[in-house]
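S.K.: Below is the file data25.cif, which contains mmCIF, C-alpha atoms.
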```cif
data_coords
loop_
_atom_site.label_atom_id
_atom_site.label_comp_id
_atom_site.auth_asym_id
_atom_site.auth_seq_id
_atom_site.Cartn_x
_atom_site.Cartn_y
_atom_site.Cartn_z
CA MET M 1 59.37 -5.10 -60.13
CA ARG M 2 61.12 -2.01 -61.38
CA ALA M 3 61.03 -0.99 -65.02
CA THR M 4 64.06 -1.17 -67.28
CA VAL M 5 66.14 2.03 -67.32
CA ARG M 6 67.08 3.33 -70.73
CA ALA M 7 69.44 6.26 -71.20
CA VAL M 8 68.11 7.47 -74.52
CA LEU M 9 68.32 11.25 -74.32
CA ILE M 10 70.72 12.97 -76.69
CA ALA M 11 72.12 16.47 -76.79
CA VAL M 12 70.48 19.14 -78.90
CA THR M 13 72.39 22.13 -77.58
CA VAL M 14 75.34 21.25 -75.38
CA GLY M 15 74.94 17.64 -74.33
CA ALA M 16 73.14 15.16 -72.15
CA GLY M 17 74.01 12.06 -70.24
CA LEU M 18 72.85 9.47 -67.75
CA VAL M 19 73.32 10.68 -64.18
CA PRO M 20 71.88 8.62 -61.30
CA ALA M 21 69.90 10.57 -58.72
CA ALA M 22 71.93 11.14 -55.57
CA ALA M 23 70.63 9.62 -52.33
CA ALA M 24 71.48 12.50 -50.01
CA THR M 25 71.44 11.66 -46.29
CA LYS M 26 71.09 15.23 -45.05
CA ALA M 27 70.46 18.72 -46.38
CA THR M 28 73.54 19.94 -48.23
CA ALA M 29 74.73 23.18 -49.78
CA ALA M 30 77.43 23.73 -52.37
CA ASN M 31 78.90 27.02 -53.54
CA THR M 32 79.87 27.34 -57.18
CA PRO M 33 82.25 30.10 -58.33
CA THR M 34 80.63 30.44 -61.79
CA ALA M 35 77.19 31.30 -60.43
CA PRO M 36 75.11 34.28 -59.29
CA PRO M 37 76.12 35.91 -55.97
CA GLY M 38 75.19 33.86 -52.92
CA TYR M 39 74.43 30.77 -55.03
CA GLN M 40 73.69 27.60 -53.07
CA ARG M 41 71.99 24.29 -53.86
CA LEU M 42 70.23 22.56 -51.00
CA ARG M 43 68.65 19.11 -50.86
CA SER M 44 66.38 17.61 -48.23
CA ALA M 45 67.08 14.33 -46.52
CA PRO M 46 65.27 11.42 -48.24
CA ILE M 47 61.54 11.73 -47.54
CA PRO M 48 59.56 8.46 -47.14
CA VAL M 49 56.71 7.97 -49.63
CA PRO M 50 54.49 5.19 -48.22
CA PRO M 51 52.31 3.30 -50.69
CA GLY M 52 48.66 4.31 -50.69
CA MET M 53 46.19 6.81 -52.06
CA PHE M 54 47.80 9.95 -50.59
CA ASP M 55 51.02 11.69 -51.59
CA ALA M 56 53.94 12.68 -49.33
CA GLY M 57 55.46 16.14 -49.04
CA GLY M 58 58.51 18.09 -47.92
CA GLN M 59 60.20 21.50 -48.13
CA VAL M 60 63.64 23.11 -48.21
CA ALA M 61 64.26 26.67 -47.01
CA CYS M 62 66.84 29.06 -48.49
CA PRO M 63 69.54 30.45 -46.18
CA ALA M 64 69.10 33.94 -44.73
CA GLY M 65 69.94 36.65 -47.23
CA THR M 66 68.96 34.56 -50.26
CA VAL M 67 65.77 33.86 -52.21
CA PRO M 68 64.64 30.88 -54.29
CA TRP M 69 65.78 31.03 -57.91
CA GLY M 70 64.64 27.48 -58.63
CA GLY M 71 64.17 23.99 -57.28
CA GLY M 72 62.92 20.51 -58.05
CA ALA M 73 61.82 17.13 -56.76
CA GLY M 74 62.59 13.54 -57.60
CA PHE M 75 62.96 9.90 -56.59
CA THR M 76 66.07 8.97 -54.58
CA GLY M 77 67.87 5.68 -54.04
CA GLY M 78 67.91 4.57 -57.67
CA PHE M 79 65.56 5.33 -60.53
CA ALA M 80 61.86 6.16 -60.50
CA SER M 81 59.60 3.33 -61.62
CA ALA M 82 55.95 2.31 -61.93
CA GLY M 83 53.85 4.20 -59.37
CA ASN M 84 56.41 6.98 -58.82
CA SER M 85 55.41 10.46 -59.98
CA ILE M 86 55.61 14.13 -59.03
CA ASN M 87 52.44 15.89 -57.86
CA THR M 88 53.89 19.29 -56.95
CA SER M 89 57.24 21.05 -57.34
CA ALA M 90 56.86 24.75 -56.59
CA PRO M 91 58.41 27.80 -54.92
CA THR M 92 57.43 28.88 -51.42
CA GLY M 93 58.06 32.30 -49.94
CA ASN M 94 61.57 31.30 -48.85
CA GLY M 95 62.38 28.02 -50.57
CA TRP M 96 60.90 25.07 -52.44
CA GLU M 97 58.25 22.44 -51.77
CA GLY M 98 57.50 19.09 -53.35
CA ARG M 99 54.82 16.41 -53.14
CA TYR M 100 55.34 12.93 -54.50
CA ASN M 101 53.22 9.89 -55.34
CA ASN M 102 53.75 6.19 -54.70
CA SER M 103 50.81 4.25 -56.09
CA SER M 104 52.77 0.97 -56.01
CA THR M 105 52.91 -1.50 -53.10
CA ARG M 106 56.61 -0.81 -52.39
CA PRO M 107 57.08 0.24 -48.74
CA ASP M 108 60.57 1.76 -49.00
CA ASP M 109 60.36 4.46 -51.68
CA HIS M 110 61.77 7.93 -50.97
CA PHE M 111 62.02 11.28 -52.73
CA ALA M 112 63.91 14.53 -52.17
CA VAL M 113 63.24 18.24 -52.63
CA ASP M 114 65.89 20.68 -53.89
CA ALA M 115 66.12 24.45 -53.58
CA ILE M 116 68.45 26.62 -55.66
CA CYS M 117 69.05 29.89 -53.83
CA ALA M 118 71.02 33.09 -54.39
CA LYS M 119 70.92 36.75 -53.47
CA GLN M 120 67.85 38.57 -54.74
CA PRO M 121 68.46 39.99 -58.21
CA ALA M 122 67.05 43.23 -59.56
CA ASP M 123 63.42 43.10 -60.67
CA TYR M 124 62.89 39.82 -58.79
CA THR M 125 59.28 38.62 -58.78
CA THR M 126 57.20 35.45 -58.95
CA THR M 127 54.16 35.36 -61.22
CA PHE M 128 51.55 32.61 -61.45
CA THR M 129 48.52 31.41 -63.37
CA THR M 130 45.81 29.20 -61.86
CA VAL M 131 43.33 27.12 -63.88
CA ASN M 132 40.72 24.52 -63.05
CA ASN M 133 41.76 20.88 -63.38
CA PRO M 134 38.46 18.98 -63.66
CA ALA M 135 38.11 15.34 -62.61
CA GLY M 136 39.28 12.87 -65.23
CA SER M 137 40.99 15.48 -67.37
CA LYS M 138 44.31 17.05 -68.37
CA SER M 139 44.85 20.79 -67.82
CA ALA M 140 47.62 23.21 -68.77
CA ALA M 141 48.67 26.65 -67.48
CA VAL M 142 51.36 29.15 -68.52
CA ALA M 143 52.97 31.75 -66.24
CA VAL M 144 54.57 34.80 -67.88
CA CYS M 145 57.39 37.01 -66.63
CA PRO M 146 56.96 40.81 -66.65
CA ALA M 147 58.38 42.69 -69.62
CA GLY M 148 62.10 43.30 -69.34
CA THR M 149 62.78 40.31 -67.06
CA ARG M 150 63.95 36.76 -67.71
CA LEU M 151 62.66 33.41 -66.52
CA LEU M 152 64.97 32.08 -63.79
CA SER M 153 62.89 28.97 -63.12
CA GLY M 154 59.33 27.69 -62.93
CA GLY M 155 57.18 25.45 -60.77
CA THR M 156 53.86 23.65 -60.52
CA LEU M 157 51.35 23.25 -57.67
CA SER M 158 48.26 21.01 -57.51
CA THR M 159 45.52 21.33 -54.89
CA ALA M 160 45.17 17.54 -54.92
CA ASP M 161 46.78 15.27 -52.33
CA THR M 162 46.01 11.90 -53.92
CA THR M 163 48.28 9.73 -56.06
CA ASP M 164 45.92 9.76 -59.06
CA VAL M 165 46.88 13.40 -59.78
CA GLN M 166 50.21 13.58 -61.61
CA LEU M 167 52.46 16.16 -63.24
CA LEU M 168 52.86 15.24 -66.92
CA SER M 169 55.13 18.05 -68.12
CA ALA M 170 56.63 21.31 -66.81
CA TRP M 171 59.10 23.27 -68.91
CA PRO M 172 60.25 26.75 -70.06
CA LEU M 173 58.66 28.17 -73.19
CA GLY M 174 61.65 30.35 -73.99
CA PRO M 175 63.15 33.02 -71.70
CA GLU M 176 59.90 34.57 -70.43
CA ARG M 177 57.28 31.81 -69.94
CA PHE M 178 56.85 28.51 -68.08
CA LYS M 179 54.17 25.89 -68.82
CA SER M 180 52.78 22.95 -66.80
CA VAL M 181 50.47 20.08 -67.71
CA MET M 182 48.66 18.12 -64.98
CA TRP M 183 46.51 14.98 -65.09
CA ASN M 184 43.63 14.71 -62.60
CA GLY M 185 42.61 11.07 -62.45
CA SER M 186 40.54 11.58 -59.31
CA ALA M 187 36.78 11.97 -59.03
CA THR M 188 37.13 15.50 -57.60
CA GLY M 189 37.84 18.76 -59.40
CA GLN M 190 41.17 20.38 -58.51
CA GLN M 191 43.24 23.42 -59.49
CA LEU M 192 46.61 23.72 -61.18
CA THR M 193 48.95 26.66 -60.58
CA THR M 194 52.02 27.33 -62.71
CA PHE M 195 54.73 29.68 -61.36
CA ALA M 196 57.42 31.72 -63.11
CA ILE M 197 60.34 33.06 -61.04
CA CYS M 198 61.67 36.12 -62.86
CA GLY M 199 64.41 38.70 -62.52
CA HIS M 200 66.95 40.84 -64.31
CA ARG M 201 68.86 38.82 -66.91
CA PRO M 202 71.87 37.31 -65.10
CA THR M 203 75.35 37.06 -66.58
CA GLY M 204 75.77 34.10 -68.91
CA TYR M 205 72.04 33.44 -69.10
CA ALA M 206 71.15 30.51 -71.38
CA ILE M 207 68.51 27.84 -71.86
CA THR M 208 69.74 24.51 -73.27
CA SER M 209 67.86 21.32 -74.15
CA ALA M 210 68.27 17.61 -74.86
CA THR M 211 65.75 15.36 -76.65
CA GLY M 212 65.33 11.61 -77.01
CA SER M 213 62.80 8.81 -77.40
CA ASP M 214 62.35 5.19 -76.39
CA THR M 215 60.68 2.39 -78.34
CA GLY M 216 57.85 1.95 -75.85
CA GLY M 217 57.44 1.05 -72.20
CA PRO M 218 57.59 -0.11 -69.60
CA ASP M 219 60.85 1.69 -68.93
CA THR M 220 62.39 4.79 -67.36
CA LEU M 221 63.98 7.38 -69.62
CA ALA M 222 66.86 8.99 -67.72
CA GLY M 223 69.14 11.80 -68.83
CA GLY M 224 70.00 15.45 -68.47
CA ALA M 225 70.43 18.78 -70.20
CA GLN M 226 73.84 20.36 -69.56
CA CYS M 227 74.65 24.01 -68.87
CA PRO M 228 77.23 25.77 -71.05
CA ALA M 229 80.78 25.81 -69.69
CA GLY M 230 81.29 28.40 -66.97
CA THR M 231 77.64 28.52 -65.89
CA SER M 232 75.53 26.86 -63.18
CA ILE M 233 72.02 25.46 -63.11
CA LEU M 234 69.17 27.77 -62.04
CA GLY M 235 66.19 25.64 -62.99
CA GLY M 236 64.83 23.52 -65.77
CA GLY M 237 62.02 21.27 -66.83
CA ILE M 238 60.71 18.36 -68.87
CA HIS M 239 58.35 18.33 -71.85
CA VAL M 240 56.81 15.01 -72.84
CA THR M 241 55.46 15.17 -76.39
CA SER M 242 51.73 14.31 -76.29
CA PRO M 243 51.51 14.27 -72.45
CA ARG M 244 49.38 11.40 -71.13
CA PRO M 245 48.84 9.75 -67.71
CA SER M 246 50.76 6.61 -68.72
CA VAL M 247 53.94 8.73 -69.02
CA THR M 248 54.82 10.56 -65.79
CA LEU M 249 57.68 12.56 -64.29
CA GLY M 250 59.67 10.61 -61.72
CA ALA M 251 62.38 13.24 -61.23
CA SER M 252 62.93 16.81 -62.38
CA LEU M 253 65.71 18.52 -60.47
CA ASP M 254 69.29 19.82 -60.46
CA GLU M 255 71.94 17.08 -60.43
CA PRO M 256 74.79 18.07 -60.33
CA SER M 257 75.32 21.86 -60.33
CA THR M 258 75.62 22.08 -64.13
CA GLN M 259 72.77 19.81 -65.26
CA TRP M 260 69.01 19.39 -65.08
CA LEU M 261 68.21 15.73 -64.40
CA SER M 262 65.14 13.99 -65.81
CA GLU M 263 63.55 10.62 -65.07
CA VAL M 264 60.38 9.88 -67.05
CA VAL M 265 58.43 6.69 -66.32
CA ASN M 266 56.79 5.31 -69.47
CA LEU M 267 54.18 2.62 -68.82
CA ASP M 268 52.71 3.04 -72.31
CA PRO M 269 53.62 0.44 -74.95
CA ALA M 270 53.84 3.35 -77.40
CA PRO M 271 57.12 5.33 -77.65
CA ALA M 272 57.63 8.46 -75.55
CA THR M 273 59.60 11.50 -76.69
CA VAL M 274 61.10 13.70 -73.98
CA THR M 275 62.85 17.08 -74.09
CA ILE M 276 64.80 18.22 -71.03
CA TYR M 277 65.59 21.91 -70.45
CA ALA M 278 68.28 23.55 -68.33
CA ILE M 279 68.17 27.24 -67.36
CA CYS M 280 71.68 28.44 -66.58
CA ALA M 281 73.71 31.52 -65.58
CA ALA M 282 77.12 32.52 -64.26
#
```
Just give me the structure as structure tokens.

M.R.:
Amino acid sequence: MRATVRAVLIAVTVGAGLVPAAAATKATAANTPTAPPGYQRLRSAPIPVPPGMFDAGGQVACPAGTVPWGGGAGFTGGFASAGNSINTSAPTGNGWEGRYNNSSTRPDDHFAVDAICAKQPADYTTTFTTVNNPAGSKSAAVAVCPAGTRLLSGGTLSTADTTDVQLLSAWPLGPERFKSVMWNGSATGQQLTTFAICGHRPTGYAITSATGSDTGGPDTLAGGAQCPAGTSILGGGIHVTSPRPSVTLGASLDEPSTQWLSEVVNLDPAPATVTIYAICAA
């Protein structure tokens, strides 16, 4: 049985709203005039996530002549619920990859991977920080952009491939840093890597946010942080206050081209507070 969906997130900067995740049937690309040169958003076809102890994975590649500026992953075909969570959402050399968990018994769950691509900007680079993620523990890592550059997006990679390892939060710490928090509920030590995609400050660069809380689970908190008028989404993230394994990320991705979409599954009877971030430019 799926949890109740509550649209509780409210705007702090420029607004937020409930936006259902799109169930794309094939990879798509959309050009936006108020965006960096060569800007395209691509989404994979729905990727099956069979129930069991192992996660499922997929990738999206950027078109020739472009590089990844951002990307995300999330449940498709409705809203994430109990057992749905992100394991990995991270840049590759030419696109984005995601891995997703289904620890429920549902046989028909799917997720999708997005890549946000554009022409390579000046000073483009990807930095990362790797830390140990011991068994039965929560770990955090922060990636930092080089001096003089700005954070275009960030990502998170776990070495685990089992559904008891879950991303609890991943969000920008201002215009130069990106932080991730991972829970390792397995009996084996793993590693967590946080990525920061950086480059010269693009026109119209801004980071916006939206914050809200529920009154306790089980439920799914769904909402989004909006880009300022005249800009497009580059990346984003979700910060759960007091991250814990009973509150997991079911979706963190661009939807539509001017918003970062969040779905947070709260199975804790205690309230959860969530802040969504959107990184934007023109």

S.K.: Calculate how many Å separate atom CA of M:Asp268 from atom CA of M:Ser153, rounding to one decimal.

M.R.: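 So the two atoms, atom CA of M:Asp268 and atom CA of M:Ser153, lie 29.3 Å apart.
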
S.K.: Please measure the separation of atom CA of M:Gln259 and atom CA of M:Ile233, giving the value in Å to one decimal.

M.R.: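 Answer for the atom CA of M:Gln259 to atom CA of M:Ile233 separation: 6.1 Å.
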
S.K.: Can you list, as an NGL selection string, the residues that the PyMOL selection byres ((chain M and resi 145-150) around 9) selects here?

M.R.: :M and (123-128 or 143-144 or 151-152 or 175-178 or 196-202 or 205)

S.K.: Work out how far atom CA of M:Ser137 is from atom CA of M:Asn84, in Å to one decimal.

M.R.: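 That distance, rounded to one decimal, is 19.6 Å.
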
S.K.: Return as a ChimeraX atom specification the set of residues that the PyMOL selection byres ((chain M and resi 108-113) around 7) yields on the displayed structure.

M.R.: /M:43-50,58-60,72-76,97-98,106-107,114-115

S.K.: Against stretch 247-252 of chain M, which residues of stretch 211-237 of chain M fall within 10 Å? For each one I want the closest pair of atoms and the distance in Å (one decimal), counting only C-alpha atoms, rows by chain and increasing residue number, as CSV.

M.R.:
```
residue,atom,partner,partner_atom,distance
M:Gly217,CA,M:Val247,CA,9.0
M:Pro218,CA,M:Val247,CA,9.6
M:Asp219,CA,M:Val247,CA,9.9
M:Thr220,CA,M:Gly250,CA,8.5
M:Leu221,CA,M:Gly250,CA,9.6
M:Ala222,CA,M:Ala251,CA,9.0
M:Gly224,CA,M:Ser252,CA,9.4
M:Gly235,CA,M:Ser252,CA,9.4
M:Gly236,CA,M:Ser252,CA,7.8
M:Gly237,CA,M:Ser252,CA,6.4
```

S.K.: Output C-alpha atoms of each residue in that selection to a file, as a PDB file, in the frame of the given file.

M.R.:
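To be explicit, this is the file written out as result.pdb:
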```
ATOM      1  CA  GLY M 217      57.440   1.050 -72.200  1.00  0.00           C
ATOM      2  CA  PRO M 218      57.590  -0.110 -69.600  1.00  0.00           C
ATOM      3  CA  ASP M 219      60.850   1.690 -68.930  1.00  0.00           C
ATOM      4  CA  THR M 220      62.390   4.790 -67.360  1.00  0.00           C
ATOM      5  CA  LEU M 221      63.980   7.380 -69.620  1.00  0.00           C
ATOM      6  CA  ALA M 222      66.860   8.990 -67.720  1.00  0.00           C
ATOM      7  CA  GLY M 224      70.000  15.450 -68.470  1.00  0.00           C
ATOM      8  CA  GLY M 235      66.190  25.640 -62.990  1.00  0.00           C
ATOM      9  CA  GLY M 236      64.830  23.520 -65.770  1.00  0.00           C
ATOM     10  CA  GLY M 237      62.020  21.270 -66.830  1.00  0.00           C
TER      11      GLY M 237
END
```

S.K.: With distances taken over only C-alpha atoms, which residue among M:Asn101, M:Thr273, M:Thr241, M:Ser85 lies nearest M:Gly216?

M.R.: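 When distances to M:Gly216 are compared using only C-alpha atoms, the smallest one comes from M:Thr273.
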
S.K.: Neighbours of M:Ala90 within 9 Å (all atoms listed in the file; same-chain residues fewer than 5 positions away dropped), as number ranges by chain?

M.R.: M: 70-72, 95-98, 154-157, 194-195

S.K.: Counting only C-alpha atoms, which residue out of M:Ala225, M:Leu261, M:Leu167, M:Ala210 sits closest to M:Thr275?

M.R.: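 The shortest atom-to-atom distance to M:Thr275 comes from M:Ala210.
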
S.K.: Applied to the shown file, which residues does the PyMOL selection byres ((chain M and resi 185) around 10) return, written as a list of chain:residue names?

M.R.: M:Asn133, M:Pro134, M:Ala135, M:Gly136, M:Ser137, M:Lys138, M:Thr162, M:Thr163, M:Asp164, M:Val165, M:Gln166, M:Met182, M:Trp183, M:Asn184, M:Ser186, M:Ala187, M:Thr188, M:Gly189, M:Pro245

S.K.: Smallest atom-to-atom distance to M:Ser246: which of M:Val142, M:Ala82, M:Ala160, M:Val67, using only C-alpha atoms?

M.R.: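 Distance minimum relative to M:Ser246 lands on M:Ala82.
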
S.K.: For M:Ile238, list every protein, DNA or RNA residue within 6 Å, evaluated using all atoms listed in the file, and leave out those in the same chain fewer than 4 positions away; present the list as a PyMOL selection string.

M.R.: chain M and resi 169-171+275-276

S.K.: Residues as selected, C-alpha atoms, written as a CSV table (one decimal), keeping the file's coordinate frame, can you do that?

M.R.:
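Output file again15.csv is given in full below:
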```
chain,number,residue,atom,x,y,z
M,169,SER,CA,55.1,18.0,-68.1
M,170,ALA,CA,56.6,21.3,-66.8
M,171,TRP,CA,59.1,23.3,-68.9
M,275,THR,CA,62.8,17.1,-74.1
M,276,ILE,CA,64.8,18.2,-71.0
```

S.K.: Which is closer to M:Leu42 than all the others in M:Ala80, M:Ala272, M:Gln191, M:Ala61, using all atoms listed in the file?

M.R.: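 Residue with the minimum atom-to-atom distance to M:Leu42: M:Ala61.
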
S.K.: Can you tell me, as a list in words, what residues are no more than 10 Å from M:Ala35 when counting all atoms listed in the file, ignoring any on the same chain fewer than 6 positions away?

M.R.: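 Residues meeting the cut-off are Ala118, Pro202, Thr203, Gly204, Gly230, Thr231, Ser232, Ile233, Leu234, Ser257, Cys280, Ala281 and Ala282 of chain M.
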
S.K.: Mind writing the picked residues with C-alpha atoms as a PDB file, in the frame of the given file?

M.R.:
```pdb
ATOM      1  CA  ALA M 118      71.020  33.090 -54.390  1.00  0.00           C
ATOM      2  CA  PRO M 202      71.870  37.310 -65.100  1.00  0.00           C
ATOM      3  CA  THR M 203      75.350  37.060 -66.580  1.00  0.00           C
ATOM      4  CA  GLY M 204      75.770  34.100 -68.910  1.00  0.00           C
ATOM      5  CA  GLY M 230      81.290  28.400 -66.970  1.00  0.00           C
ATOM      6  CA  THR M 231      77.640  28.520 -65.890  1.00  0.00           C
ATOM      7  CA  SER M 232      75.530  26.860 -63.180  1.00  0.00           C
ATOM      8  CA  ILE M 233      72.020  25.460 -63.110  1.00  0.00           C
ATOM      9  CA  LEU M 234      69.170  27.770 -62.040  1.00  0.00           C
ATOM     10  CA  SER M 257      75.320  21.860 -60.330  1.00  0.00           C
ATOM     11  CA  CYS M 280      71.680  28.440 -66.580  1.00  0.00           C
ATOM     12  CA  ALA M 281      73.710  31.520 -65.580  1.00  0.00           C
ATOM     13  CA  ALA M 282      77.120  32.520 -64.260  1.00  0.00           C
TER      14      ALA M 282
END
```

S.K.: Pick out the residues sitting within 6 Å of M:Leu192, and hand them over as a list in words; count all atoms listed in the file, and ignore anything fewer than 2 positions along from it in its own chain.

M.R.: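 Selected residues are Thr130, Val131, Leu157 and Ser158 of chain M.
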
S.K.: Name the residues in contact with M:Gly65 at a cut-off of 10 Å, using all atoms listed in the file, excluding same-chain residues fewer than 2 positions from it; report them as a PyMOL selection string.

M.R.: chain M and resi 38+62-63+67+117-120

S.K.: Measuring between all atoms listed in the file, which one of M:Pro172, M:Pro91, M:Pro121, M:Pro51 shows the shortest distance to M:Ser103?

M.R.: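 Using all atoms listed in the file, the shortest distance to M:Ser103 belongs to M:Pro51.
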
S.K.: For stretch 218-224 of chain M, I'd like the enclosing box, axis-aligned and padded by 8 Å on every side, reported as JSON with centre and edge lengths in Å to one decimal.

M.R.:
```
{"center_x": 63.8, "center_y": 7.7, "center_z": -68.5, "size_x": 28.4, "size_y": 31.6, "size_z": 18.3}
```
